[in-house]
>>> print(open('target13.cif').read())   # mmCIF, C-alpha atoms; chains and numbers go by the auth columns
data_my_file
loop_
_atom_site.group_PDB
_atom_site.id
_atom_site.type_symbol
_atom_site.label_atom_id
_atom_site.label_comp_id
_atom_site.label_asym_id
_atom_site.label_seq_id
_atom_site.Cartn_x
_atom_site.Cartn_y
_atom_site.Cartn_z
_atom_site.B_iso_or_equiv
_atom_site.auth_seq_id
_atom_site.auth_asym_id
ATOM 1 C CA MET A 1 135.005 100.383 93.336 0.00 175 A
ATOM 2 C CA SER A 2 134.969 103.943 92.061 0.00 176 A
ATOM 3 C CA ALA A 3 131.477 103.386 90.596 0.00 177 A
ATOM 4 C CA LEU A 4 130.012 103.145 94.080 0.00 178 A
ATOM 5 C CA ARG A 5 130.218 106.907 94.471 0.00 179 A
ATOM 6 C CA GLY A 6 128.540 107.513 91.133 0.00 180 A
ATOM 7 C CA TRP A 7 125.417 105.416 91.532 0.00 181 A
ATOM 8 C CA PRO A 8 122.332 107.402 92.586 0.00 182 A
ATOM 9 C CA SER A 9 120.772 106.521 95.923 0.00 183 A
ATOM 10 C CA PHE A 10 117.296 107.884 95.228 0.00 184 A
ATOM 11 C CA PRO A 11 115.113 108.732 92.227 0.00 185 A
ATOM 12 C CA GLY A 12 114.879 112.306 91.003 0.00 186 A
ATOM 13 C CA GLU A 13 111.447 112.837 92.522 0.00 187 A
ATOM 14 C CA LEU A 14 110.618 111.766 96.059 0.00 188 A
ATOM 15 C CA PRO A 15 107.191 111.689 97.713 0.00 189 A
ATOM 16 C CA GLU A 16 106.341 114.017 100.560 0.00 190 A
ATOM 17 C CA PHE A 17 105.851 112.722 104.086 0.00 191 A
ATOM 18 C CA ASP A 18 104.318 114.861 106.815 0.00 192 A
ATOM 19 C CA PRO A 19 104.430 112.946 110.131 0.00 193 A
ATOM 20 C CA SER A 20 101.898 115.317 111.677 0.00 194 A
ATOM 21 C CA GLY A 21 99.229 113.613 109.577 0.00 195 A
ATOM 22 C CA ALA A 22 100.286 110.045 110.403 0.00 196 A
ATOM 23 C CA PRO A 23 97.595 107.688 111.731 0.00 197 A
ATOM 24 C CA ALA A 24 97.583 106.558 115.346 0.00 198 A
ATOM 25 C CA ARG A 25 98.549 102.963 114.526 0.00 199 A
ATOM 26 C CA PRO A 26 101.635 101.990 112.491 0.00 200 A
ATOM 27 C CA HIS A 27 100.039 99.236 110.448 0.00 201 A
ATOM 28 C CA GLU A 28 97.707 101.799 108.874 0.00 202 A
ATOM 29 C CA LEU A 29 100.608 103.940 107.681 0.00 203 A
ATOM 30 C CA PHE A 30 102.463 100.831 106.538 0.00 204 A
ATOM 31 C CA LEU A 31 99.545 99.697 104.396 0.00 205 A
ATOM 32 C CA SER A 32 99.312 103.152 102.854 0.00 206 A
ATOM 33 C CA TRP A 33 103.023 103.150 101.984 0.00 207 A
ATOM 34 C CA LEU A 34 102.871 99.551 100.739 0.00 208 A
ATOM 35 C CA ASP A 35 99.993 100.313 98.402 0.00 209 A
ATOM 36 C CA GLU A 36 101.790 103.402 97.094 0.00 210 A
ATOM 37 C CA ALA A 37 105.029 101.470 96.604 0.00 211 A
ATOM 38 C CA GLY A 38 103.216 98.826 94.581 0.00 212 A
ATOM 39 C CA ALA A 39 102.718 101.339 91.780 0.00 213 A
ATOM 40 C CA HIS A 40 106.454 102.017 91.520 0.00 214 A
ATOM 41 C CA VAL A 41 108.594 99.056 92.580 0.00 215 A
ATOM 42 C CA LEU A 42 108.752 95.312 91.995 0.00 216 A
ATOM 43 C CA ALA A 43 107.718 93.051 94.882 0.00 217 A
ATOM 44 C CA PRO A 44 106.893 95.742 97.433 0.00 218 A
ATOM 45 C CA HIS A 45 105.756 92.972 99.794 0.00 219 A
ATOM 46 C CA ALA A 46 109.261 91.483 99.975 0.00 220 A
ATOM 47 C CA GLY A 47 111.085 92.304 103.200 0.00 221 A
ATOM 48 C CA THR A 48 114.235 91.252 105.010 0.00 222 A
ATOM 49 C CA LEU A 49 113.463 89.123 108.063 0.00 223 A
ATOM 50 C CA SER A 50 116.277 89.074 110.622 0.00 224 A
ATOM 51 C CA THR A 51 116.435 86.432 113.348 0.00 225 A
ATOM 52 C CA VAL A 52 118.871 85.309 116.038 0.00 226 A
ATOM 53 C CA ASP A 53 120.653 81.951 115.706 0.00 227 A
ATOM 54 C CA GLU A 54 121.640 79.512 118.441 0.00 228 A
ATOM 55 C CA ASP A 55 124.929 81.339 118.981 0.00 229 A
ATOM 56 C CA GLY A 56 123.196 84.683 119.411 0.00 230 A
ATOM 57 C CA ALA A 57 124.369 85.917 116.005 0.00 231 A
ATOM 58 C CA PRO A 58 122.064 87.713 113.553 0.00 232 A
ATOM 59 C CA ASP A 59 120.788 85.968 110.446 0.00 233 A
ATOM 60 C CA ALA A 60 118.700 87.463 107.649 0.00 234 A
ATOM 61 C CA ARG A 61 116.870 86.606 104.451 0.00 235 A
ATOM 62 C CA VAL A 62 114.224 88.127 102.181 0.00 236 A
ATOM 63 C CA VAL A 63 110.703 86.764 102.622 0.00 237 A
ATOM 64 C CA ILE A 64 107.256 87.627 101.298 0.00 238 A
ATOM 65 C CA LEU A 65 104.811 89.380 103.591 0.00 239 A
ATOM 66 C CA LYS A 66 101.542 87.469 103.864 0.00 240 A
ATOM 67 C CA ASP A 67 99.293 89.937 105.641 0.00 241 A
ATOM 68 C CA VAL A 68 99.203 92.954 107.955 0.00 242 A
ATOM 69 C CA ASP A 69 96.618 93.965 110.514 0.00 243 A
ATOM 70 C CA ALA A 70 96.401 95.680 113.885 0.00 244 A
ATOM 71 C CA ALA A 71 97.836 92.573 115.581 0.00 245 A
ATOM 72 C CA GLY A 72 101.006 92.418 113.485 0.00 246 A
ATOM 73 C CA TRP A 73 102.870 91.487 110.325 0.00 247 A
ATOM 74 C CA TYR A 74 102.604 87.910 109.002 0.00 248 A
ATOM 75 C CA VAL A 75 105.102 85.653 107.251 0.00 249 A
ATOM 76 C CA ALA A 76 105.145 81.885 106.695 0.00 250 A
ATOM 77 C CA SER A 77 107.743 79.136 106.598 0.00 251 A
ATOM 78 C CA SER A 78 108.473 75.593 107.631 0.00 252 A
ATOM 79 C CA ALA A 79 109.176 75.308 111.341 0.00 253 A
ATOM 80 C CA LEU A 80 112.035 72.994 110.314 0.00 254 A
ATOM 81 C CA SER A 81 113.768 75.666 108.221 0.00 255 A
ATOM 82 C CA PRO A 82 116.712 77.586 109.710 0.00 256 A
ATOM 83 C CA LYS A 83 114.507 80.585 110.445 0.00 257 A
ATOM 84 C CA GLY A 84 111.811 78.359 111.921 0.00 258 A
ATOM 85 C CA ARG A 85 114.303 76.708 114.261 0.00 259 A
ATOM 86 C CA GLN A 86 115.773 80.083 115.173 0.00 260 A
ATOM 87 C CA LEU A 87 112.349 81.503 116.001 0.00 261 A
ATOM 88 C CA ALA A 88 111.641 78.500 118.217 0.00 262 A
ATOM 89 C CA GLY A 89 114.830 79.240 120.153 0.00 263 A
ATOM 90 C CA ASP A 90 114.567 83.045 120.249 0.00 264 A
ATOM 91 C CA PRO A 91 111.417 84.872 119.092 0.00 265 A
ATOM 92 C CA ARG A 92 113.114 88.255 118.700 0.00 266 A
ATOM 93 C CA VAL A 93 113.003 89.508 115.112 0.00 267 A
ATOM 94 C CA ALA A 94 113.481 92.549 112.948 0.00 268 A
ATOM 95 C CA MET A 95 111.901 93.073 109.544 0.00 269 A
ATOM 96 C CA THR A 96 112.947 95.710 107.052 0.00 270 A
ATOM 97 C CA PHE A 97 111.219 96.939 103.914 0.00 271 A
ATOM 98 C CA PHE A 98 113.087 99.148 101.451 0.00 272 A
ATOM 99 C CA TRP A 99 111.429 100.720 98.433 0.00 273 A
ATOM 100 C CA PRO A 100 114.277 102.488 96.585 0.00 274 A
ATOM 101 C CA GLY A 101 111.978 103.802 93.878 0.00 275 A
ATOM 102 C CA ARG A 102 110.265 105.903 96.536 0.00 276 A
ATOM 103 C CA GLY A 103 113.188 106.512 98.884 0.00 277 A
ATOM 104 C CA ARG A 104 111.292 104.833 101.696 0.00 278 A
ATOM 105 C CA GLN A 105 112.185 102.335 104.377 0.00 279 A
ATOM 106 C CA VAL A 106 110.208 100.732 107.193 0.00 280 A
ATOM 107 C CA ARG A 107 111.909 99.016 110.124 0.00 281 A
ATOM 108 C CA ILE A 108 110.004 96.702 112.470 0.00 282 A
ATOM 109 C CA ARG A 109 111.288 95.153 115.687 0.00 283 A
ATOM 110 C CA GLY A 110 109.411 92.775 117.950 0.00 284 A
ATOM 111 C CA THR A 111 108.762 89.081 118.530 0.00 285 A
ATOM 112 C CA ALA A 112 107.355 86.385 116.259 0.00 286 A
ATOM 113 C CA GLY A 113 105.223 83.401 117.149 0.00 287 A
ATOM 114 C CA PRO A 114 103.021 80.849 115.394 0.00 288 A
ATOM 115 C CA VAL A 115 99.349 81.552 114.796 0.00 289 A
ATOM 116 C CA ASP A 116 96.493 79.050 115.038 0.00 290 A
ATOM 117 C CA PRO A 117 97.331 75.841 113.104 0.00 291 A
ATOM 118 C CA ALA A 118 94.150 76.170 111.036 0.00 292 A
ATOM 119 C CA VAL A 119 95.375 79.553 109.759 0.00 293 A
ATOM 120 C CA SER A 120 98.741 78.026 108.860 0.00 294 A
ATOM 121 C CA GLU A 121 97.004 75.232 106.954 0.00 295 A
ATOM 122 C CA ALA A 122 94.882 77.734 105.023 0.00 296 A
ATOM 123 C CA ASP A 123 98.013 79.735 104.238 0.00 297 A
ATOM 124 C CA PHE A 124 99.671 76.658 102.746 0.00 298 A
ATOM 125 C CA ARG A 125 96.674 75.731 100.608 0.00 299 A
ATOM 126 C CA ASP A 126 96.617 79.255 99.188 0.00 300 A
ATOM 127 C CA ARG A 127 100.213 78.937 97.953 0.00 301 A
ATOM 128 C CA PRO A 128 100.905 78.409 94.217 0.00 302 A
ATOM 129 C CA PRO A 129 101.369 74.755 93.186 0.00 303 A
ATOM 130 C CA ALA A 130 105.137 75.062 92.722 0.00 304 A
ATOM 131 C CA SER A 131 105.489 76.596 96.179 0.00 305 A
ATOM 132 C CA ARG A 132 103.542 73.736 97.777 0.00 306 A
ATOM 133 C CA VAL A 133 105.757 71.217 96.012 0.00 307 A
ATOM 134 C CA GLU A 134 108.860 73.063 97.199 0.00 308 A
ATOM 135 C CA ALA A 135 107.638 72.917 100.794 0.00 309 A
ATOM 136 C CA PHE A 136 107.244 69.138 100.598 0.00 310 A
ATOM 137 C CA ILE A 137 110.732 68.754 99.158 0.00 311 A
ATOM 138 C CA GLY A 138 112.051 70.156 102.432 0.00 312 A
ATOM 139 C CA ARG A 139 115.700 69.987 103.533 0.00 313 A
ATOM 140 C CA GLN A 140 116.012 73.772 103.185 0.00 314 A
ATOM 141 C CA SER A 141 119.613 75.034 103.443 0.00 315 A
ATOM 142 C CA GLU A 142 121.105 71.541 103.737 0.00 316 A
ATOM 143 C CA VAL A 143 124.170 70.730 101.602 0.00 317 A
ATOM 144 C CA LEU A 144 123.205 69.491 98.124 0.00 318 A
ATOM 145 C CA THR A 145 125.655 66.894 96.843 0.00 319 A
ATOM 146 C CA ASP A 146 123.774 65.891 93.685 0.00 320 A
ATOM 147 C CA PRO A 147 121.282 68.216 91.900 0.00 321 A
ATOM 148 C CA ALA A 148 119.472 65.122 90.614 0.00 322 A
ATOM 149 C CA GLU A 149 118.231 64.552 94.157 0.00 323 A
ATOM 150 C CA ILE A 150 116.057 67.652 93.855 0.00 324 A
ATOM 151 C CA GLU A 151 114.262 66.241 90.822 0.00 325 A
ATOM 152 C CA LEU A 152 113.588 62.949 92.598 0.00 326 A
ATOM 153 C CA ALA A 153 112.314 64.744 95.700 0.00 327 A
ATOM 154 C CA ALA A 154 110.130 67.035 93.566 0.00 328 A
ATOM 155 C CA GLU A 155 108.593 64.076 91.741 0.00 329 A
ATOM 156 C CA GLU A 156 107.742 62.466 95.065 0.00 330 A
ATOM 157 C CA ALA A 157 106.239 65.718 96.379 0.00 331 A
ATOM 158 C CA GLU A 158 104.169 66.160 93.213 0.00 332 A
ATOM 159 C CA ARG A 159 102.881 62.602 93.564 0.00 333 A
ATOM 160 C CA LYS A 160 101.804 63.231 97.161 0.00 334 A
ATOM 161 C CA LEU A 161 99.925 66.384 96.201 0.00 335 A
ATOM 162 C CA ARG A 162 98.242 64.753 93.214 0.00 336 A
ATOM 163 C CA GLU A 163 96.938 61.999 95.452 0.00 337 A
ATOM 164 C CA ASN A 164 95.916 64.418 98.211 0.00 338 A
ATOM 165 C CA PRO A 165 95.624 68.063 97.027 0.00 339 A
ATOM 166 C CA ASP A 166 94.701 69.224 100.555 0.00 340 A
ATOM 167 C CA LEU A 167 97.783 67.738 102.162 0.00 341 A
ATOM 168 C CA VAL A 168 99.715 70.182 104.385 0.00 342 A
ATOM 169 C CA PRO A 169 103.158 69.580 105.943 0.00 343 A
ATOM 170 C CA ASP A 170 102.951 69.326 109.722 0.00 344 A
ATOM 171 C CA SER A 171 105.761 71.859 109.972 0.00 345 A
ATOM 172 C CA TRP A 172 104.138 74.597 107.868 0.00 346 A
ATOM 173 C CA THR A 173 103.650 77.662 110.044 0.00 347 A
ATOM 174 C CA ARG A 174 102.371 81.172 109.667 0.00 348 A
ATOM 175 C CA TYR A 175 104.102 83.507 112.088 0.00 349 A
ATOM 176 C CA ARG A 176 102.807 86.781 113.449 0.00 350 A
ATOM 177 C CA ILE A 177 105.346 89.499 114.178 0.00 351 A
ATOM 178 C CA GLU A 178 104.081 91.546 117.099 0.00 352 A
ATOM 179 C CA ALA A 179 105.898 94.837 116.762 0.00 353 A
ATOM 180 C CA ALA A 180 107.311 96.783 119.677 0.00 354 A
ATOM 181 C CA VAL A 181 108.896 99.447 117.474 0.00 355 A
ATOM 182 C CA VAL A 182 108.043 100.528 113.924 0.00 356 A
ATOM 183 C CA GLU A 183 110.013 103.262 112.174 0.00 357 A
ATOM 184 C CA PHE A 184 109.122 104.985 108.909 0.00 358 A
ATOM 185 C CA TRP A 185 111.950 106.626 106.972 0.00 359 A
ATOM 186 C CA GLN A 186 111.477 108.999 104.040 0.00 360 A
ATOM 187 C CA ALA A 187 114.560 110.057 102.105 0.00 361 A
ATOM 188 C CA ALA A 188 115.223 113.679 101.153 0.00 362 A
ATOM 189 C CA HIS A 189 117.758 114.925 98.625 0.00 363 A
ATOM 190 C CA ASP A 190 119.168 117.405 101.145 0.00 364 A
ATOM 191 C CA ARG A 191 119.738 114.426 103.494 0.00 365 A
ATOM 192 C CA ARG A 192 117.327 115.848 106.054 0.00 366 A
ATOM 193 C CA HIS A 193 115.506 112.546 105.982 0.00 367 A
ATOM 194 C CA VAL A 194 112.156 112.367 107.741 0.00 368 A
ATOM 195 C CA ARG A 195 111.925 109.667 110.402 0.00 369 A
ATOM 196 C CA LEU A 196 108.856 108.766 112.428 0.00 370 A
ATOM 197 C CA ARG A 197 109.046 106.113 115.134 0.00 371 A
ATOM 198 C CA TYR A 198 106.103 104.337 116.724 0.00 372 A
ATOM 199 C CA LEU A 199 106.776 102.854 120.188 0.00 373 A
ATOM 200 C CA ARG A 200 104.261 100.478 121.716 0.00 374 A
ATOM 201 C CA ASP A 201 102.795 102.076 124.837 0.00 375 A
ATOM 202 C CA GLY A 202 100.412 99.744 126.640 0.00 376 A
ATOM 203 C CA ASN A 203 97.540 99.089 124.264 0.00 377 A
ATOM 204 C CA GLY A 204 98.445 102.058 122.074 0.00 378 A
ATOM 205 C CA TRP A 205 101.386 103.692 120.348 0.00 379 A
ATOM 206 C CA ARG A 206 103.560 106.728 120.985 0.00 380 A
ATOM 207 C CA GLN A 207 104.966 108.657 118.040 0.00 381 A
ATOM 208 C CA ASP A 208 108.379 110.370 118.016 0.00 382 A
ATOM 209 C CA ARG A 209 110.175 112.315 115.304 0.00 383 A
ATOM 210 C CA LEU A 210 113.832 111.288 115.054 0.00 384 A
ATOM 211 C CA TRP A 211 116.900 113.125 113.852 0.00 385 A
ATOM 212 C CA PRO A 212 118.083 111.977 110.422 0.00 386 A
#
>>> encode(input="target13.cif", output="structure tokens")
Amino acid sequence: MSALRGWPSFPGELPEFDPSGAPARPHELFLSWLDEAGAHVLAPHAGTLSTVDEDGAPDARVVILKDVDAAGWYVASSALSPKGRQLAGDPRVAMTFFWPGRGRQVRIRGTAGPVDPAVSEADFRDRPPASRVEAFIGRQSEVLTDPAEIELAAEEAERKLRENPDLVPDSWTRYRIEAAVVEFWQAAHDRRHVRLRYLRDGNGWRQDRLWP
């Protein structure tokens, strides 16, 4: 497509990023960038979670970030979903956030594991009603032969939740991504993009500037 060359990659104005002023821990810089992105882009908390399937091949999908703290990045899903089964077989993950309106990208690599079941249950109860119904429908990514089956399954899920509003699927899991590497990428119009990588070093982090 000839149009591919004509589409702009970045907005006209890009924010400044001086790595010399970056905090010691990557989650602090991430939260700062996330908050700033929220004023400019839709769904700044949506990121691409990449996992490894049973054949060792990569798989990826966009998920919503649930929380971030010094221990890691948090997402949630059914343990019976494709990503849940993949994480049970191989905990290695990558998660990528891209905020085109700011010319910023954050790449996270590490391992993911389930948190305390009570935290997973609380996560589920905090979900919007439609999301809780969807979780009880289940069968994510299976072949759908008749769309009417979804309506029947949804009606059954709604009935269960009406009768027991605190009901939580046994498979619902919040996962914590413990990062080993976190990279922050700031675009520049002259293509001298600014890259700062955090590498886990014992109980702390080492920072390195990278070539564009």
>>> closest_atom_pairs(input="target13.cif", of="stretch 345-367 of chain A", to="stretch 373-378 of chain A", cutoff="12 Å", atoms="all atoms listed in the file", output="CSV")
residue,atom,partner,partner_atom,distance
A:Glu352,CA,A:Arg374,CA,10.1
A:Ala353,CA,A:Arg374,CA,7.7
A:Ala354,CA,A:Arg374,CA,5.2
A:Val355,CA,A:Leu373,CA,4.8
A:Val356,CA,A:Leu373,CA,6.8
A:Glu357,CA,A:Leu373,CA,8.7
A:Phe358,CA,A:Leu373,CA,11.7
>>> closest_residue(input="target13.cif", among="A:Leu203, A:Ala245, A:Leu216, A:Leu384", to="A:Trp273", atoms="only C-alpha atoms")
A:Leu216
>>> resolve_selection(input="target13.cif", expression="the PyMOL selection byres ((chain A and resi 252-257) around 6)", output="list in words")
Ser251, Gly258, Arg259, Gln260, Gln314, Ser345, Trp346 and Thr347 of chain A
>>> closest_residue(input="target13.cif", among="A:Ala331, A:Gln360, A:Phe298, A:Val307", to="A:Trp207", atoms="all atoms listed in the file")
A:Gln360
>>> resolve_selection(input="target13.cif", expression="the PyMOL selection byres ((chain A and resi 206) around 12)", output="list in words")
Phe191, Ala196, Pro197, Arg199, Pro200, His201, Glu202, Leu203, Phe204, Leu205, Trp207, Leu208, Asp209, Glu210, Ala211, Gly212, Ala213, Pro218, Val242, Val280 and Phe358 of chain A
>>> resolve_selection(input="target13.cif", expression="the PyMOL selection byres ((chain A and resi 292-297) around 10)", output="ChimeraX atom specification")
/A:240,249-251,288-291,298-301,340-349
>>> atom_distance(input="target13.cif", atom1="atom CA of A:Val215", atom2="atom CA of A:His363")
19.3 Å
>>> atom_distance(input="target13.cif", atom1="atom CA of A:Thr285", atom2="atom CA of A:Val267")
5.5 Å
>>> atom_distance(input="target13.cif", atom1="atom CA of A:Leu261", atom2="atom CA of A:Ala286")
7.0 Å
>>> decode(input="target13.cif", residues="stretch 203-229 of chain A", atoms="N, CA and C atoms", output="PDB file, in the first residue's frame")
ATOM      1  N   LEU A 203       8.566   5.252  37.241  1.00  0.00           N
ATOM      2  CA  LEU A 203       8.566   5.948  35.956  1.00  0.00           C
ATOM      3  C   LEU A 203       7.371   5.512  35.121  1.00  0.00           C
ATOM      4  N   PHE A 204       7.047   4.228  35.172  1.00  0.00           N
ATOM      5  CA  PHE A 204       5.888   3.738  34.421  1.00  0.00           C
ATOM      6  C   PHE A 204       4.609   4.452  34.863  1.00  0.00           C
ATOM      7  N   LEU A 205       4.402   4.552  36.159  1.00  0.00           N
ATOM      8  CA  LEU A 205       3.190   5.209  36.646  1.00  0.00           C
ATOM      9  C   LEU A 205       3.139   6.672  36.225  1.00  0.00           C
ATOM     10  N   SER A 206       4.281   7.317  36.190  1.00  0.00           N
ATOM     11  CA  SER A 206       4.331   8.710  35.743  1.00  0.00           C
ATOM     12  C   SER A 206       3.940   8.810  34.276  1.00  0.00           C
ATOM     13  N   TRP A 207       4.495   7.932  33.444  1.00  0.00           N
ATOM     14  CA  TRP A 207       4.159   7.939  32.015  1.00  0.00           C
ATOM     15  C   TRP A 207       2.700   7.546  31.791  1.00  0.00           C
ATOM     16  N   LEU A 208       2.215   6.575  32.547  1.00  0.00           N
ATOM     17  CA  LEU A 208       0.827   6.132  32.400  1.00  0.00           C
ATOM     18  C   LEU A 208      -0.134   7.262  32.719  1.00  0.00           C
ATOM     19  N   ASP A 209       0.120   7.965  33.795  1.00  0.00           N
ATOM     20  CA  ASP A 209      -0.745   9.077  34.184  1.00  0.00           C
ATOM     21  C   ASP A 209      -0.723  10.166  33.117  1.00  0.00           C
ATOM     22  N   GLU A 210       0.457  10.451  32.575  1.00  0.00           N
ATOM     23  CA  GLU A 210       0.580  11.468  31.537  1.00  0.00           C
ATOM     24  C   GLU A 210      -0.126  11.029  30.259  1.00  0.00           C
ATOM     25  N   ALA A 211      -0.014   9.750  29.927  1.00  0.00           N
ATOM     26  CA  ALA A 211      -0.659   9.239  28.716  1.00  0.00           C
ATOM     27  C   ALA A 211      -2.176   9.309  28.818  1.00  0.00           C
ATOM     28  N   GLY A 212      -2.692   9.155  30.043  1.00  0.00           N
ATOM     29  CA  GLY A 212      -4.137   9.163  30.223  1.00  0.00           C
ATOM     30  C   GLY A 212      -4.797  10.453  29.801  1.00  0.00           C
ATOM     31  N   ALA A 213      -4.034  11.535  29.746  1.00  0.00           N
ATOM     32  CA  ALA A 213      -4.582  12.826  29.331  1.00  0.00           C
ATOM     33  C   ALA A 213      -4.589  12.978  27.815  1.00  0.00           C
ATOM     34  N   HIS A 214      -4.016  12.008  27.099  1.00  0.00           N
ATOM     35  CA  HIS A 214      -3.848  12.176  25.653  1.00  0.00           C
ATOM     36  C   HIS A 214      -4.353  11.012  24.803  1.00  0.00           C
ATOM     37  N   VAL A 215      -4.415   9.815  25.358  1.00  0.00           N
ATOM     38  CA  VAL A 215      -4.774   8.658  24.538  1.00  0.00           C
ATOM     39  C   VAL A 215      -5.881   7.862  25.203  1.00  0.00           C
ATOM     40  N   LEU A 216      -6.618   7.108  24.381  1.00  0.00           N
ATOM     41  CA  LEU A 216      -7.681   6.244  24.875  1.00  0.00           C
ATOM     42  C   LEU A 216      -7.066   4.963  25.436  1.00  0.00           C
ATOM     43  N   ALA A 217      -7.612   4.501  26.547  1.00  0.00           N
ATOM     44  CA  ALA A 217      -7.198   3.244  27.173  1.00  0.00           C
ATOM     45  C   ALA A 217      -5.687   3.133  27.347  1.00  0.00           C
ATOM     46  N   PRO A 218      -5.080   4.048  28.076  1.00  0.00           N
ATOM     47  CA  PRO A 218      -3.634   3.955  28.280  1.00  0.00           C
ATOM     48  C   PRO A 218      -3.225   2.724  29.075  1.00  0.00           C
ATOM     49  N   HIS A 219      -4.186   2.122  29.782  1.00  0.00           N
ATOM     50  CA  HIS A 219      -3.890   0.936  30.597  1.00  0.00           C
ATOM     51  C   HIS A 219      -4.025  -0.365  29.811  1.00  0.00           C
ATOM     52  N   ALA A 220      -4.244  -0.270  28.506  1.00  0.00           N
ATOM     53  CA  ALA A 220      -4.308  -1.466  27.664  1.00  0.00           C
ATOM     54  C   ALA A 220      -2.912  -1.785  27.140  1.00  0.00           C
ATOM     55  N   GLY A 221      -2.481  -3.023  27.320  1.00  0.00           N
ATOM     56  CA  GLY A 221      -1.161  -3.430  26.863  1.00  0.00           C
ATOM     57  C   GLY A 221      -1.220  -4.781  26.177  1.00  0.00           C
ATOM     58  N   THR A 222      -0.221  -5.091  25.402  1.00  0.00           N
ATOM     59  CA  THR A 222      -0.136  -6.365  24.709  1.00  0.00           C
ATOM     60  C   THR A 222       0.642  -7.357  25.563  1.00  0.00           C
ATOM     61  N   LEU A 223      -0.035  -8.416  25.987  1.00  0.00           N
ATOM     62  CA  LEU A 223       0.590  -9.459  26.794  1.00  0.00           C
ATOM     63  C   LEU A 223       0.995 -10.609  25.865  1.00  0.00           C
ATOM     64  N   SER A 224       2.269 -10.927  25.853  1.00  0.00           N
ATOM     65  CA  SER A 224       2.793 -11.999  25.013  1.00  0.00           C
ATOM     66  C   SER A 224       3.195 -13.178  25.895  1.00  0.00           C
ATOM     67  N   THR A 225       2.765 -14.370  25.485  1.00  0.00           N
ATOM     68  CA  THR A 225       3.053 -15.592  26.221  1.00  0.00           C
ATOM     69  C   THR A 225       3.679 -16.608  25.271  1.00  0.00           C
ATOM     70  N   VAL A 226       3.992 -17.776  25.808  1.00  0.00           N
ATOM     71  CA  VAL A 226       4.588 -18.856  25.027  1.00  0.00           C
ATOM     72  C   VAL A 226       3.642 -20.048  25.056  1.00  0.00           C
ATOM     73  N   ASP A 227       3.269 -20.587  23.884  1.00  0.00           N
ATOM     74  CA  ASP A 227       2.330 -21.705  23.867  1.00  0.00           C
ATOM     75  C   ASP A 227       3.049 -23.041  24.056  1.00  0.00           C
ATOM     76  N   GLU A 228       2.274 -24.130  23.983  1.00  0.00           N
ATOM     77  CA  GLU A 228       2.837 -25.445  24.271  1.00  0.00           C
ATOM     78  C   GLU A 228       3.864 -25.901  23.242  1.00  0.00           C
ATOM     79  N   ASP A 229       3.873 -25.267  22.080  1.00  0.00           N
ATOM     80  CA  ASP A 229       4.867 -25.587  21.060  1.00  0.00           C
ATOM     81  C   ASP A 229       6.083 -24.664  21.113  1.00  0.00           C
TER      82      ASP A 229
END
